[in-house]
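Peer 1: Handing over entry17.tsv, TSV, C-alpha atoms.
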```
chain	number	residue	atom	x	y	z
A	1	MET	CA	-5.97	6.26	25.23
A	2	VAL	CA	-3.41	8.63	23.68
A	3	TYR	CA	-3.82	8.80	19.91
A	4	ASN	CA	-0.63	8.67	17.82
A	5	ASP	CA	-1.12	10.87	14.75
A	6	ARG	CA	2.50	11.12	13.53
A	7	PHE	CA	1.66	9.17	10.39
A	8	ILE	CA	-1.14	11.59	9.44
A	9	LYS	CA	1.09	14.60	10.14
A	10	ALA	CA	3.87	13.20	7.95
A	11	CYS	CA	1.40	12.55	5.12
A	12	ARG	CA	0.53	16.25	5.28
A	13	LYS	CA	4.18	17.38	5.52
A	14	GLU	CA	3.60	18.66	9.03
A	15	LYS	CA	6.22	18.71	11.77
A	16	VAL	CA	6.82	15.45	13.68
A	17	ASP	CA	9.02	14.68	16.68
A	18	ARG	CA	10.09	11.34	15.16
A	19	LEU	CA	9.51	9.57	11.87
A	20	PRO	CA	6.42	7.40	11.63
A	21	VAL	CA	6.94	3.85	10.41
A	22	TRP	CA	4.73	1.02	9.18
A	23	TYR	CA	5.48	-1.95	6.95
A	24	MET	CA	3.62	-3.23	3.93
A	25	ARG	CA	2.25	-6.71	4.70
A	26	GLN	CA	2.95	-6.08	8.39
A	27	ALA	CA	-0.14	-8.10	9.36
A	28	GLY	CA	0.89	-11.50	8.22
A	29	ARG	CA	3.15	-14.37	7.49
A	30	TYR	CA	6.30	-13.52	9.46
A	31	ASP	CA	4.32	-13.64	12.76
A	32	PRO	CA	4.14	-17.08	14.44
A	33	ASP	CA	0.79	-16.20	16.04
A	34	TYR	CA	-0.62	-15.33	12.63
A	35	ARG	CA	0.67	-18.60	11.20
A	36	LYS	CA	-1.25	-20.46	13.92
A	37	ILE	CA	-4.44	-18.67	12.85
A	38	LYS	CA	-3.72	-19.61	9.23
A	39	GLU	CA	-3.58	-23.27	10.24
A	40	LYS	CA	-7.33	-22.98	10.92
A	41	TYR	CA	-8.47	-20.41	8.37
A	42	SER	CA	-7.57	-19.26	4.87
A	43	LEU	CA	-6.91	-15.59	4.09
A	44	LEU	CA	-10.39	-15.15	2.66
A	45	GLU	CA	-11.97	-16.93	5.64
A	46	ILE	CA	-10.18	-14.54	8.02
A	47	CYS	CA	-11.37	-11.55	5.97
A	48	LYS	CA	-14.99	-12.71	6.35
A	49	GLN	CA	-14.74	-12.73	10.17
A	50	PRO	CA	-14.52	-9.05	11.21
A	51	GLU	CA	-13.41	-9.68	14.80
A	52	LEU	CA	-10.63	-12.00	13.65
A	53	ALA	CA	-9.55	-9.72	10.78
A	54	ALA	CA	-9.41	-6.82	13.23
A	55	GLU	CA	-7.33	-8.88	15.66
A	56	VAL	CA	-4.82	-9.73	12.92
A	57	THR	CA	-4.70	-6.07	11.82
A	58	MET	CA	-3.85	-4.98	15.38
A	59	MET	CA	-1.14	-7.62	16.00
A	60	PRO	CA	1.79	-5.66	14.51
A	61	VAL	CA	0.71	-2.45	16.24
A	62	LYS	CA	0.97	-4.21	19.59
A	63	LYS	CA	4.05	-6.30	18.79
A	64	LEU	CA	6.17	-3.90	16.72
A	65	GLY	CA	5.11	-0.47	17.93
A	66	VAL	CA	4.38	0.81	14.40
A	67	ASP	CA	2.66	4.17	13.87
A	68	ALA	CA	-0.16	2.95	11.62
A	69	ALA	CA	-2.20	-0.19	11.08
A	70	ILE	CA	-3.07	-1.48	7.63
A	71	LEU	CA	-6.30	-3.34	7.16
A	72	TYR	CA	-5.96	-7.11	6.92
A	73	SER	CA	-7.55	-7.79	3.56
A	74	ASP	CA	-6.57	-8.57	-0.02
A	75	ILE	CA	-6.63	-6.44	-3.15
A	76	MET	CA	-8.85	-9.06	-4.82
A	77	ASN	CA	-11.69	-8.85	-2.29
A	78	PRO	CA	-13.80	-6.26	-4.14
A	79	VAL	CA	-13.73	-8.12	-7.48
A	80	ALA	CA	-15.97	-10.81	-6.00
A	81	SER	CA	-18.72	-8.19	-5.90
A	82	ILE	CA	-18.43	-7.29	-9.60
A	83	GLY	CA	-18.78	-10.88	-10.82
A	84	ILE	CA	-15.32	-12.45	-10.68
A	85	ASP	CA	-14.84	-15.86	-9.04
A	86	PHE	CA	-11.39	-16.34	-7.54
A	87	ASP	CA	-9.39	-18.04	-4.84
A	88	ILE	CA	-6.11	-17.18	-3.14
A	89	VAL	CA	-4.03	-20.32	-3.70
A	90	PRO	CA	-1.08	-20.91	-1.32
A	91	ASN	CA	2.31	-20.33	-2.98
A	92	ILE	CA	0.61	-19.04	-6.14
A	93	GLY	CA	-1.65	-16.10	-5.34
A	94	PRO	CA	-4.97	-15.09	-6.91
A	95	VAL	CA	-6.36	-17.66	-9.33
A	96	ILE	CA	-9.38	-16.61	-11.42
A	97	ASP	CA	-12.04	-19.16	-12.36
A	98	ASN	CA	-13.52	-16.99	-15.12
A	99	PRO	CA	-10.70	-14.80	-16.51
A	100	ILE	CA	-11.47	-11.94	-18.85
A	101	ARG	CA	-10.88	-12.94	-22.47
A	102	SER	CA	-13.43	-10.97	-24.50
A	103	ALA	CA	-15.65	-7.89	-24.76
A	104	ALA	CA	-18.52	-9.98	-23.38
A	105	ASP	CA	-16.46	-10.79	-20.28
A	106	ILE	CA	-15.94	-7.09	-19.60
A	107	GLU	CA	-19.56	-6.26	-20.38
A	108	ARG	CA	-20.84	-8.75	-17.77
A	109	LEU	CA	-18.93	-7.05	-14.92
A	110	LYS	CA	-21.51	-5.43	-12.65
A	111	PRO	CA	-21.23	-2.42	-10.30
A	112	ILE	CA	-19.78	-3.14	-6.87
A	113	ASP	CA	-22.18	-3.55	-3.93
A	114	VAL	CA	-20.03	-2.81	-0.90
A	115	GLU	CA	-22.69	-2.99	1.81
A	116	GLY	CA	-24.30	-6.07	0.27
A	117	ASP	CA	-21.27	-8.17	-0.68
A	118	LEU	CA	-18.43	-6.70	1.42
A	119	SER	CA	-20.14	-5.79	4.67
A	120	HIS	CA	-17.55	-7.89	6.53
A	121	VAL	CA	-14.78	-5.54	5.33
A	122	ILE	CA	-16.75	-2.48	6.42
A	123	GLU	CA	-17.48	-4.01	9.84
A	124	THR	CA	-13.77	-4.78	10.31
A	125	ILE	CA	-12.96	-1.12	9.64
A	126	ARG	CA	-15.61	0.01	12.14
A	127	ILE	CA	-14.18	-2.29	14.84
A	128	LEU	CA	-10.67	-0.99	14.21
A	129	ASP	CA	-11.84	2.62	14.29
A	130	ARG	CA	-13.06	1.98	17.83
A	131	GLU	CA	-10.05	-0.01	19.02
A	132	LEU	CA	-6.92	1.52	17.51
A	133	ALA	CA	-4.75	4.28	18.96
A	134	VAL	CA	-2.97	4.73	15.63
A	135	PRO	CA	-4.44	5.56	12.20
A	136	LEU	CA	-5.95	2.77	10.13
A	137	ILE	CA	-4.80	2.63	6.51
A	138	THR	CA	-7.18	0.83	4.18
A	139	PHE	CA	-6.33	-0.03	0.59
A	140	ALA	CA	-7.35	-1.15	-2.85
A	141	GLY	CA	-5.53	-2.63	-5.81
A	142	ALA	CA	-5.05	-0.23	-8.72
A	143	PRO	CA	-6.68	-0.91	-12.11
A	144	PHE	CA	-3.65	-2.24	-14.00
A	145	THR	CA	-2.62	-4.58	-11.20
A	146	ILE	CA	-6.17	-5.91	-10.75
A	147	ALA	CA	-6.60	-6.20	-14.53
A	148	SER	CA	-3.42	-8.26	-14.83
A	149	TYR	CA	-4.90	-10.90	-12.52
A	150	LEU	CA	-8.33	-10.81	-14.16
A	151	ILE	CA	-6.91	-11.21	-17.66
A	152	GLU	CA	-4.01	-13.60	-17.03
A	153	GLY	CA	-6.04	-15.71	-14.61
A	154	ARG	CA	-3.16	-15.89	-12.11
A	155	PRO	CA	0.11	-14.10	-11.28
A	156	THR	CA	2.48	-13.66	-14.21
A	157	LYS	CA	5.91	-12.23	-14.98
A	158	SER	CA	5.28	-11.48	-18.65
A	159	TYR	CA	1.80	-9.86	-18.63
A	160	ILE	CA	1.45	-11.14	-22.20
A	161	ARG	CA	-2.35	-11.43	-22.26
A	162	THR	CA	-2.74	-8.14	-20.40
A	163	LYS	CA	-0.49	-6.20	-22.75
A	164	SER	CA	-1.98	-7.94	-25.78
A	165	LEU	CA	-5.44	-6.63	-24.89
A	166	MET	CA	-4.03	-3.20	-24.06
A	167	TYR	CA	-2.17	-2.83	-27.37
A	168	SER	CA	-4.59	-4.60	-29.70
A	169	ASP	CA	-7.88	-3.14	-28.46
A	170	PRO	CA	-7.36	0.17	-26.60
A	171	LYS	CA	-11.10	0.91	-26.57
A	172	LEU	CA	-11.90	-2.40	-24.85
A	173	TRP	CA	-8.98	-1.87	-22.46
A	174	GLN	CA	-10.41	1.52	-21.50
A	175	GLN	CA	-13.80	-0.03	-20.81
A	176	LEU	CA	-12.11	-2.37	-18.34
A	177	MET	CA	-10.15	0.51	-16.77
A	178	ASP	CA	-13.38	2.49	-16.39
A	179	LYS	CA	-15.19	-0.37	-14.66
A	180	LEU	CA	-12.29	-1.08	-12.32
A	181	GLY	CA	-11.90	2.63	-11.61
A	182	ASP	CA	-15.57	2.87	-10.64
A	183	MET	CA	-15.18	-0.19	-8.38
A	184	ILE	CA	-12.14	1.27	-6.61
A	185	ILE	CA	-13.71	4.72	-6.06
A	186	THR	CA	-16.86	3.25	-4.53
A	187	TYR	CA	-14.90	0.75	-2.40
A	188	LEU	CA	-12.45	3.30	-0.97
A	189	ARG	CA	-15.14	5.89	-0.32
A	190	ALA	CA	-16.99	3.26	1.75
A	191	HIS	CA	-13.76	2.54	3.67
A	192	MET	CA	-13.31	6.18	4.60
A	193	ALA	CA	-16.96	6.55	5.61
A	194	ALA	CA	-16.59	3.53	7.92
A	195	GLY	CA	-13.62	4.99	9.78
A	196	GLY	CA	-10.51	4.57	7.65
A	197	LYS	CA	-7.97	7.30	8.37
A	198	ALA	CA	-5.98	7.02	5.11
A	199	PHE	CA	-5.89	4.80	2.05
A	200	GLN	CA	-3.22	3.37	-0.20
A	201	LEU	CA	-3.73	2.44	-3.83
A	202	PHE	CA	-1.42	-0.50	-4.58
A	203	ASP	CA	-0.21	-0.67	-8.18
A	204	SER	CA	2.21	-3.49	-7.54
A	205	TRP	CA	2.94	-4.46	-11.16
A	206	VAL	CA	2.54	-1.25	-13.15
A	207	GLY	CA	6.35	-0.95	-13.27
A	208	SER	CA	6.16	-3.51	-16.08
A	209	LEU	CA	4.99	-0.70	-18.37
A	210	SER	CA	7.07	1.96	-20.12
A	211	PRO	CA	6.38	5.56	-19.06
A	212	ALA	CA	4.69	6.22	-22.42
A	213	ASP	CA	2.36	3.22	-22.07
A	214	PHE	CA	1.65	4.09	-18.44
A	215	LYS	CA	0.68	7.65	-19.43
A	216	ARG	CA	-1.54	6.46	-22.26
A	217	PHE	CA	-3.23	3.36	-20.89
A	218	VAL	CA	-3.24	3.63	-17.08
A	219	LEU	CA	-2.48	7.08	-15.66
A	220	PRO	CA	-5.77	8.72	-16.77
A	221	THR	CA	-7.72	6.23	-14.65
A	222	ILE	CA	-5.36	6.65	-11.69
A	223	GLU	CA	-5.80	10.43	-11.93
A	224	ARG	CA	-9.60	10.00	-12.09
A	225	ILE	CA	-9.64	7.83	-8.96
A	226	PHE	CA	-7.74	10.40	-6.90
A	227	ALA	CA	-9.66	13.33	-8.40
A	228	GLU	CA	-13.04	11.78	-7.57
A	229	LEU	CA	-11.89	11.07	-4.00
A	230	SER	CA	-10.24	14.48	-3.54
A	231	ASP	CA	-13.13	15.73	-1.37
A	232	LEU	CA	-12.18	13.23	1.34
A	233	LYS	CA	-10.09	14.71	4.14
A	234	GLN	CA	-8.10	11.52	4.74
A	235	PRO	CA	-4.55	11.29	3.31
A	236	LYS	CA	-4.24	9.40	0.05
A	237	ILE	CA	-1.22	7.29	-0.96
A	238	TYR	CA	-0.25	5.95	-4.37
A	239	PHE	CA	2.26	3.11	-4.44
A	240	PRO	CA	3.31	2.38	-8.03
A	241	GLY	CA	4.99	-0.84	-6.97
A	242	VAL	CA	8.36	-2.29	-7.84
A	243	ALA	CA	10.63	-1.06	-10.64
A	244	SER	CA	8.46	2.05	-11.05
A	245	GLY	CA	11.09	4.77	-10.69
A	246	GLU	CA	10.83	5.78	-14.35
A	247	LEU	CA	7.11	6.44	-13.89
A	248	LEU	CA	7.53	8.98	-11.08
A	249	PRO	CA	7.93	12.08	-13.29
A	250	THR	CA	4.51	11.37	-14.86
A	251	LEU	CA	2.60	11.73	-11.56
A	252	GLY	CA	2.64	15.52	-11.26
A	253	LYS	CA	-1.14	16.02	-11.65
A	254	LEU	CA	-2.10	13.29	-9.19
A	255	GLN	CA	-4.33	14.55	-6.36
A	256	ALA	CA	-2.59	12.32	-3.83
A	257	ASP	CA	-0.73	13.28	-0.67
A	258	VAL	CA	1.96	10.58	-0.61
A	259	VAL	CA	3.82	8.50	-3.18
A	260	GLY	CA	5.52	5.25	-2.13
A	261	LEU	CA	8.99	4.46	-3.49
A	262	ASP	CA	10.68	1.13	-3.99
A	263	TRP	CA	14.37	0.63	-3.17
A	264	ARG	CA	15.63	1.20	-6.71
A	265	VAL	CA	15.23	4.97	-6.32
A	266	SER	CA	16.67	6.87	-3.37
A	267	ILE	CA	14.44	9.14	-1.29
A	268	ALA	CA	16.27	12.22	-2.55
A	269	GLU	CA	16.01	11.16	-6.19
A	270	GLY	CA	12.38	10.15	-5.76
A	271	ARG	CA	11.56	13.59	-4.41
A	272	ARG	CA	13.37	15.19	-7.34
A	273	ARG	CA	11.49	13.09	-9.90
A	274	LEU	CA	8.20	13.93	-8.18
A	275	ASN	CA	9.08	17.65	-8.24
A	276	ARG	CA	8.65	17.70	-4.45
A	277	ALA	CA	4.88	17.70	-4.92
A	278	PHE	CA	4.19	14.87	-2.45
A	279	ALA	CA	5.24	13.42	0.86
A	280	VAL	CA	7.17	10.21	0.21
A	281	GLN	CA	7.12	6.76	1.79
A	282	GLY	CA	9.67	3.97	1.67
A	283	ASN	CA	11.94	2.41	0.83
A	284	LEU	CA	14.07	-0.27	2.52
A	285	ASP	CA	14.62	-3.39	0.40
A	286	PRO	CA	12.69	-6.00	2.43
A	287	TYR	CA	15.47	-8.55	2.02
A	288	VAL	CA	17.91	-6.30	3.88
A	289	LEU	CA	16.04	-7.75	6.87
A	290	THR	CA	17.95	-11.01	6.33
A	291	ALA	CA	21.19	-9.23	7.33
A	292	PRO	CA	22.66	-8.79	10.83
A	293	MET	CA	21.06	-6.01	12.86
A	294	ASP	CA	23.97	-3.58	12.49
A	295	ILE	CA	23.69	-3.84	8.70
A	296	ILE	CA	19.93	-3.30	8.82
A	297	GLN	CA	20.42	-0.23	10.99
A	298	ALA	CA	23.05	1.18	8.61
A	299	TYR	CA	20.64	0.90	5.66
A	300	ALA	CA	17.83	2.40	7.74
A	301	ARG	CA	20.10	5.25	8.87
A	302	ASP	CA	20.85	6.26	5.27
A	303	ILE	CA	17.14	6.28	4.43
A	304	ILE	CA	16.27	8.28	7.56
A	305	ASP	CA	18.99	10.86	6.87
A	306	GLU	CA	17.54	11.47	3.40
A	307	GLY	CA	13.97	11.29	4.65
A	308	ILE	CA	14.26	13.97	7.32
A	309	ALA	CA	16.04	16.38	4.98
A	310	GLU	CA	12.60	17.67	3.97
A	311	PRO	CA	9.14	17.58	5.56
A	312	GLY	CA	6.87	14.69	4.70
A	313	PHE	CA	8.52	11.30	5.10
A	314	ILE	CA	7.18	7.93	6.28
A	315	PHE	CA	9.56	5.01	6.79
A	316	ASN	CA	8.44	1.80	5.11
A	317	LEU	CA	9.72	-1.00	2.94
A	318	GLY	CA	10.02	-0.80	-0.83
A	319	HIS	CA	7.68	-3.81	-1.06
A	320	GLY	CA	5.90	-6.17	1.32
A	321	LEU	CA	7.28	-8.29	4.14
A	322	PHE	CA	8.16	-11.89	3.32
A	323	PRO	CA	7.38	-14.98	5.43
A	324	GLU	CA	10.98	-15.52	6.61
A	325	ALA	CA	11.29	-12.01	8.08
A	326	SER	CA	12.15	-11.88	11.78
A	327	LEU	CA	9.59	-10.39	14.15
A	328	GLU	CA	12.38	-9.57	16.62
A	329	LYS	CA	14.39	-7.71	13.96
A	330	LEU	CA	11.31	-5.77	12.92
A	331	ARG	CA	10.62	-4.78	16.52
A	332	GLU	CA	14.23	-3.69	16.96
A	333	LEU	CA	14.24	-1.83	13.63
A	334	THR	CA	11.05	0.05	14.55
A	335	ALA	CA	12.56	1.15	17.87
A	336	TYR	CA	15.77	2.18	16.09
A	337	ILE	CA	13.90	4.29	13.50
A	338	HIS	CA	12.00	6.05	16.26
A	339	GLN	CA	15.05	6.72	18.40
A	340	TYR	CA	17.49	7.70	15.67
A	341	SER	CA	15.03	9.98	13.88
A	342	SER	CA	13.96	11.57	17.18
A	343	ASP	CA	17.58	12.34	18.06
A	344	LYS	CA	18.31	13.73	14.57
A	345	LEU	CA	15.19	15.87	14.48
A	346	ALA	CA	15.85	17.21	17.98
A	347	ALA	CA	19.46	18.00	17.08
A	348	GLY	CA	18.32	19.78	13.91
A	349	ALA	CA	15.78	21.82	15.85
A	350	GLY	CA	18.45	22.73	18.40
A	351	GLN	CA	20.83	23.85	15.68
A	352	ARG	CA	18.16	26.00	14.03
A	353	GLU	CA	17.37	27.60	17.39
A	354	LEU	CA	21.07	28.32	17.91
A	355	ASN	CA	21.41	29.82	14.45
A	356	HIS	CA	18.36	32.00	15.11
A	357	HIS	CA	19.89	33.45	18.25
A	358	VAL	CA	23.29	33.94	16.59
```
Once you've parsed the file, please lay out its structure as structure tokens.
Peer 2:
Amino acid sequence: MVYNDRFIKACRKEKVDRLPVWYMRQAGRYDPDYRKIKEKYSLLEICKQPELAAEVTMMPVKKLGVDAAILYSDIMNPVASIGIDFDIVPNIGPVIDNPIRSAADIERLKPIDVEGDLSHVIETIRILDRELAVPLITFAGAPFTIASYLIEGRPTKSYIRTKSLMYSDPKLWQQLMDKLGDMIITYLRAHMAAGGKAFQLFDSWVGSLSPADFKRFVLPTIERIFAELSDLKQPKIYFPGVASGELLPTLGKLQADVVGLDWRVSIAEGRRRLNRAFAVQGNLDPYVLTAPMDIIQAYARDIIDEGIAEPGFIFNLGHGLFPEASLEKLRELTAYIHQYSSDKLAAGAGQRELNHHV
């Protein structure tokens, strides 16, 4: 079995012969075979069956030819271990039975027990470590994004309860950030010990904050998470979610390897705002996938041309795949990214060789 390590090399800004590509939410709802599985089992039921969760994780690697797998799981899984009861409700998302409303609610949160409560997740990672010929990315939800679900009780667009706690009681907010930070550090360290080859911290909704509020209320905990995991050799990715372009200049001290961009900021501008301190990942608008294939390729071509201008680029979406996405278009897009970037990189290498001899 030949191991494909292009994704790892790109994370480290090393030379690649073609751009690596994977897609957020690539193991999921757009795949008819996955939808058949979901007719029998819920998301959480799949997660609790390691062989089945591993099978779903591997589906897009086999069907699309992507350069990395991402663990089939959910960002809410670890909160069950710290004392939060929740369900993933179809067409809604996470719904919390006992949302956080007071200091007592935060005080009752207990330390995570990964081996005791989440052994099924660890076993899934171990299976995938044996079976995959591409790197396995594992992940966790970042503190603000997790907190927004725990406090609101379900997905929201206003974050009114979350921001109310943050503004009105900063000390209590920090206690919650500390507990969630501890949970995430322990959870991700267990992932890497079990065989994960990289991890991504998803901060899907932190773009709802101003840069000043992000720096004050959230960034210190994000920095602590990456600092406390900095001894791990595996690449580390921070994805600050949608509408987060204004937050990028604040990330300079982050001990991460890669920062994910959404489609509102170009690759070139994202690199500039990040002071070229990280490899970057992104950033096709997922809904471009509704267009004809020639349009999709044109958008991808522009992203690739910017991406290969400097070392350290991974092609991805600016957010997750949606249920109506076409598996055939994704397969064709993946092949196009590989071929076009390979040709461009080879041509660039040829030109540099020519210039050297001249």
Peer 1: With distances taken over only C-alpha atoms, which residue among A:Val218, A:Ala298, A:Leu251, A:Val258 lies nearest Lys9 in chain A?
Peer 2: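 Among the listed residues, the smallest separation from Lys9 in chain A belongs to A:Val258.
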Peer 1: Name all residues at most 8 Å from Arg108 in chain A (count all atoms listed in the file; drop same-chain ones fewer than 3 positions away) and give them as a list in words.
Peer 2: Gly83, Ala104 and Asp105 of chain A
Peer 1: Which residues are close to Tyr287 in chain A, i.e. within 10 Å by only C-alpha atoms, leaving aside same-chain residues fewer than 2 positions away? Reply as a ChimeraX atom specification.
Peer 2: /A:284-285,289-291,296,317-322,324-325
Peer 1: Which one of A:Ile160, A:Val61, A:Val66, A:Val16 sits closest to Ala335 in chain A if you count only C-alpha atoms?
Peer 2: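 The answer is A:Val66, which sits nearest to Ala335 in chain A.
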Peer 1: Under the rule that only C-alpha atoms are counted, which of A:Leu330, A:Ala277, A:Lys215, A:Ser168 is the nearest residue to Pro311 in chain A?
Peer 2: A:Ala277
Peer 1: I'd like the contact shell of Ala10 in chain A - 12 Å cut-off, all atoms listed in the file, skipping same-chain residues fewer than 6 positions apart - returned as JSON, numbers by chain.
Peer 2: {"A": [4, 16, 17, 18, 19, 20, 21, 67, 68, 198, 235, 236, 237, 257, 258, 278, 279, 280, 281, 307, 308, 310, 311, 312, 313, 314, 315]}
Peer 1: Which neighbours of range 191-193 of chain A fall inside 12 Å, counting all atoms listed in the file, when residues of the same chain fewer than 6 positions from it are skipped, and could you give them as number ranges by chain?
Peer 2: A: 71, 78, 114-115, 118-126, 128-129, 135-140, 184-185, 199-200, 229, 231-236
Peer 1: Choose the residue, out of A:Asn283, A:Ala268, A:Ile100, A:Pro143, that has the smallest atom-to-atom separation from Glu223 in chain A; count all atoms listed in the file.
Peer 2: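 Looking only at the distances to Glu223 in chain A, the closest residue turns out to be A:Pro143.
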Peer 1: For CA of Ser73 in chain A and CA of Gly153 in chain A, determine how far apart the two atoms are, in Å to one decimal place.
Peer 2: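 Atom-to-atom, CA of Ser73 in chain A to CA of Gly153 in chain A, that is 19.9 Å.
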Peer 1: What box, with edges along x, y and z, holds each listed atom of range 287-302 of chain A when 5 Å is added on every side, and can you state its centre and edge lengths in Å to one decimal, as JSON?
Peer 2:
```
{"center_x": 19.7, "center_y": -2.4, "center_z": 7.4, "size_x": 18.5, "size_y": 27.3, "size_z": 20.8}
```
Peer 1: Using only C-alpha atoms, which residue out of A:Leu209, A:Val2, A:Leu188, A:Ile225 lies closest to Val134 in chain A?
Peer 2: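 Closest candidate: A:Val2.
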Peer 1: Name the closest residue to Lys48 in chain A among the candidates A:Arg216, A:Tyr299, A:Asp117, A:Gly65; distances are taken between atoms, counting all atoms listed in the file.
Peer 2: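 Counting all atoms listed in the file, the residue closest to Lys48 in chain A is A:Asp117.
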Peer 1: Kindly give the distance, in Å, that separates CA of Ser42 in chain A and CA of Ile88 in chain A, rounded to a single decimal.
Peer 2: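 Separation between CA of Ser42 in chain A and CA of Ile88 in chain A: 8.4 Å.
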Peer 1: Using Å and a single decimal, report how far CA of Gly207 in chain A sits from CA of Phe144 in chain A.
Peer 2: 10.1 Å
Peer 1: Give me range 30-36 of chain A with all heavy atoms filled in, as a PDB file, in the frame of the given file.
Peer 2:
```
ATOM      1  N   TYR A  30       5.069 -13.427   8.659  1.00  0.00           N
ATOM      2  CA  TYR A  30       6.300 -13.520   9.460  1.00  0.00           C
ATOM      3  C   TYR A  30       5.984 -13.770  10.942  1.00  0.00           C
ATOM      4  O   TYR A  30       6.881 -14.102  11.730  1.00  0.00           O
ATOM      5  CB  TYR A  30       7.110 -12.219   9.331  1.00  0.00           C
ATOM      6  CG  TYR A  30       6.390 -11.054   9.969  1.00  0.00           C
ATOM      7  CD1 TYR A  30       6.643 -10.684  11.293  1.00  0.00           C
ATOM      8  CD2 TYR A  30       5.400 -10.362   9.286  1.00  0.00           C
ATOM      9  CE1 TYR A  30       5.940  -9.668  11.894  1.00  0.00           C
ATOM     10  CE2 TYR A  30       4.705  -9.344   9.879  1.00  0.00           C
ATOM     11  CZ  TYR A  30       4.973  -8.993  11.190  1.00  0.00           C
ATOM     12  OH  TYR A  30       4.262  -7.993  11.789  1.00  0.00           O
ATOM     13  N   ASP A  31       4.722 -13.583  11.348  1.00  0.00           N
ATOM     14  CA  ASP A  31       4.320 -13.640  12.760  1.00  0.00           C
ATOM     15  C   ASP A  31       3.862 -15.054  13.115  1.00  0.00           C
ATOM     16  O   ASP A  31       2.891 -15.563  12.541  1.00  0.00           O
ATOM     17  CB  ASP A  31       3.186 -12.641  12.998  1.00  0.00           C
ATOM     18  CG  ASP A  31       2.786 -12.536  14.460  1.00  0.00           C
ATOM     19  OD1 ASP A  31       3.073 -13.472  15.234  1.00  0.00           O
ATOM     20  OD2 ASP A  31       2.186 -11.516  14.830  1.00  0.00           O
ATOM     21  N   PRO A  32       4.530 -15.712  14.068  1.00  0.00           N
ATOM     22  CA  PRO A  32       4.140 -17.080  14.440  1.00  0.00           C
ATOM     23  C   PRO A  32       2.683 -17.193  14.896  1.00  0.00           C
ATOM     24  O   PRO A  32       2.015 -18.192  14.606  1.00  0.00           O
ATOM     25  CB  PRO A  32       5.104 -17.438  15.586  1.00  0.00           C
ATOM     26  CG  PRO A  32       6.292 -16.555  15.361  1.00  0.00           C
ATOM     27  CD  PRO A  32       5.749 -15.287  14.790  1.00  0.00           C
ATOM     28  N   ASP A  33       2.184 -16.163  15.596  1.00  0.00           N
ATOM     29  CA  ASP A  33       0.790 -16.200  16.040  1.00  0.00           C
ATOM     30  C   ASP A  33      -0.169 -16.138  14.859  1.00  0.00           C
ATOM     31  O   ASP A  33      -1.222 -16.782  14.859  1.00  0.00           O
ATOM     32  CB  ASP A  33       0.504 -15.043  17.011  1.00  0.00           C
ATOM     33  CG  ASP A  33       1.199 -15.226  18.340  1.00  0.00           C
ATOM     34  OD1 ASP A  33       1.454 -16.378  18.728  1.00  0.00           O
ATOM     35  OD2 ASP A  33       1.499 -14.213  19.000  1.00  0.00           O
ATOM     36  N   TYR A  34       0.202 -15.379  13.847  1.00  0.00           N
ATOM     37  CA  TYR A  34      -0.620 -15.330  12.630  1.00  0.00           C
ATOM     38  C   TYR A  34      -0.588 -16.683  11.928  1.00  0.00           C
ATOM     39  O   TYR A  34      -1.621 -17.165  11.442  1.00  0.00           O
ATOM     40  CB  TYR A  34      -0.114 -14.227  11.698  1.00  0.00           C
ATOM     41  CG  TYR A  34      -0.773 -14.261  10.336  1.00  0.00           C
ATOM     42  CD1 TYR A  34      -2.079 -13.816  10.160  1.00  0.00           C
ATOM     43  CD2 TYR A  34      -0.102 -14.767   9.231  1.00  0.00           C
ATOM     44  CE1 TYR A  34      -2.697 -13.870   8.917  1.00  0.00           C
ATOM     45  CE2 TYR A  34      -0.712 -14.821   7.986  1.00  0.00           C
ATOM     46  CZ  TYR A  34      -2.011 -14.369   7.831  1.00  0.00           C
ATOM     47  OH  TYR A  34      -2.618 -14.430   6.605  1.00  0.00           O
ATOM     48  N   ARG A  35       0.572 -17.304  11.874  1.00  0.00           N
ATOM     49  CA  ARG A  35       0.670 -18.600  11.200  1.00  0.00           C
ATOM     50  C   ARG A  35      -0.210 -19.650  11.887  1.00  0.00           C
ATOM     51  O   ARG A  35      -0.770 -20.527  11.227  1.00  0.00           O
ATOM     52  CB  ARG A  35       2.128 -19.058  11.124  1.00  0.00           C
ATOM     53  CG  ARG A  35       2.956 -18.225  10.151  1.00  0.00           C
ATOM     54  CD  ARG A  35       4.223 -18.935   9.741  1.00  0.00           C
ATOM     55  NE  ARG A  35       5.160 -19.080  10.842  1.00  0.00           N
ATOM     56  CZ  ARG A  35       6.129 -18.225  11.118  1.00  0.00           C
ATOM     57  NH1 ARG A  35       6.291 -17.125  10.391  1.00  0.00           N
ATOM     58  NH2 ARG A  35       6.964 -18.435  12.122  1.00  0.00           N
ATOM     59  N   LYS A  36      -0.354 -19.543  13.195  1.00  0.00           N
ATOM     60  CA  LYS A  36      -1.250 -20.460  13.920  1.00  0.00           C
ATOM     61  C   LYS A  36      -2.702 -20.247  13.485  1.00  0.00           C
ATOM     62  O   LYS A  36      -3.467 -21.211  13.325  1.00  0.00           O
ATOM     63  CB  LYS A  36      -1.102 -20.257  15.422  1.00  0.00           C
ATOM     64  CG  LYS A  36       0.219 -20.749  15.991  1.00  0.00           C
ATOM     65  CD  LYS A  36       0.303 -20.470  17.482  1.00  0.00           C
ATOM     66  CE  LYS A  36       1.670 -20.881  18.048  1.00  0.00           C
ATOM     67  NZ  LYS A  36       1.803 -20.505  19.486  1.00  0.00           N
TER      68      LYS A  36
END
```
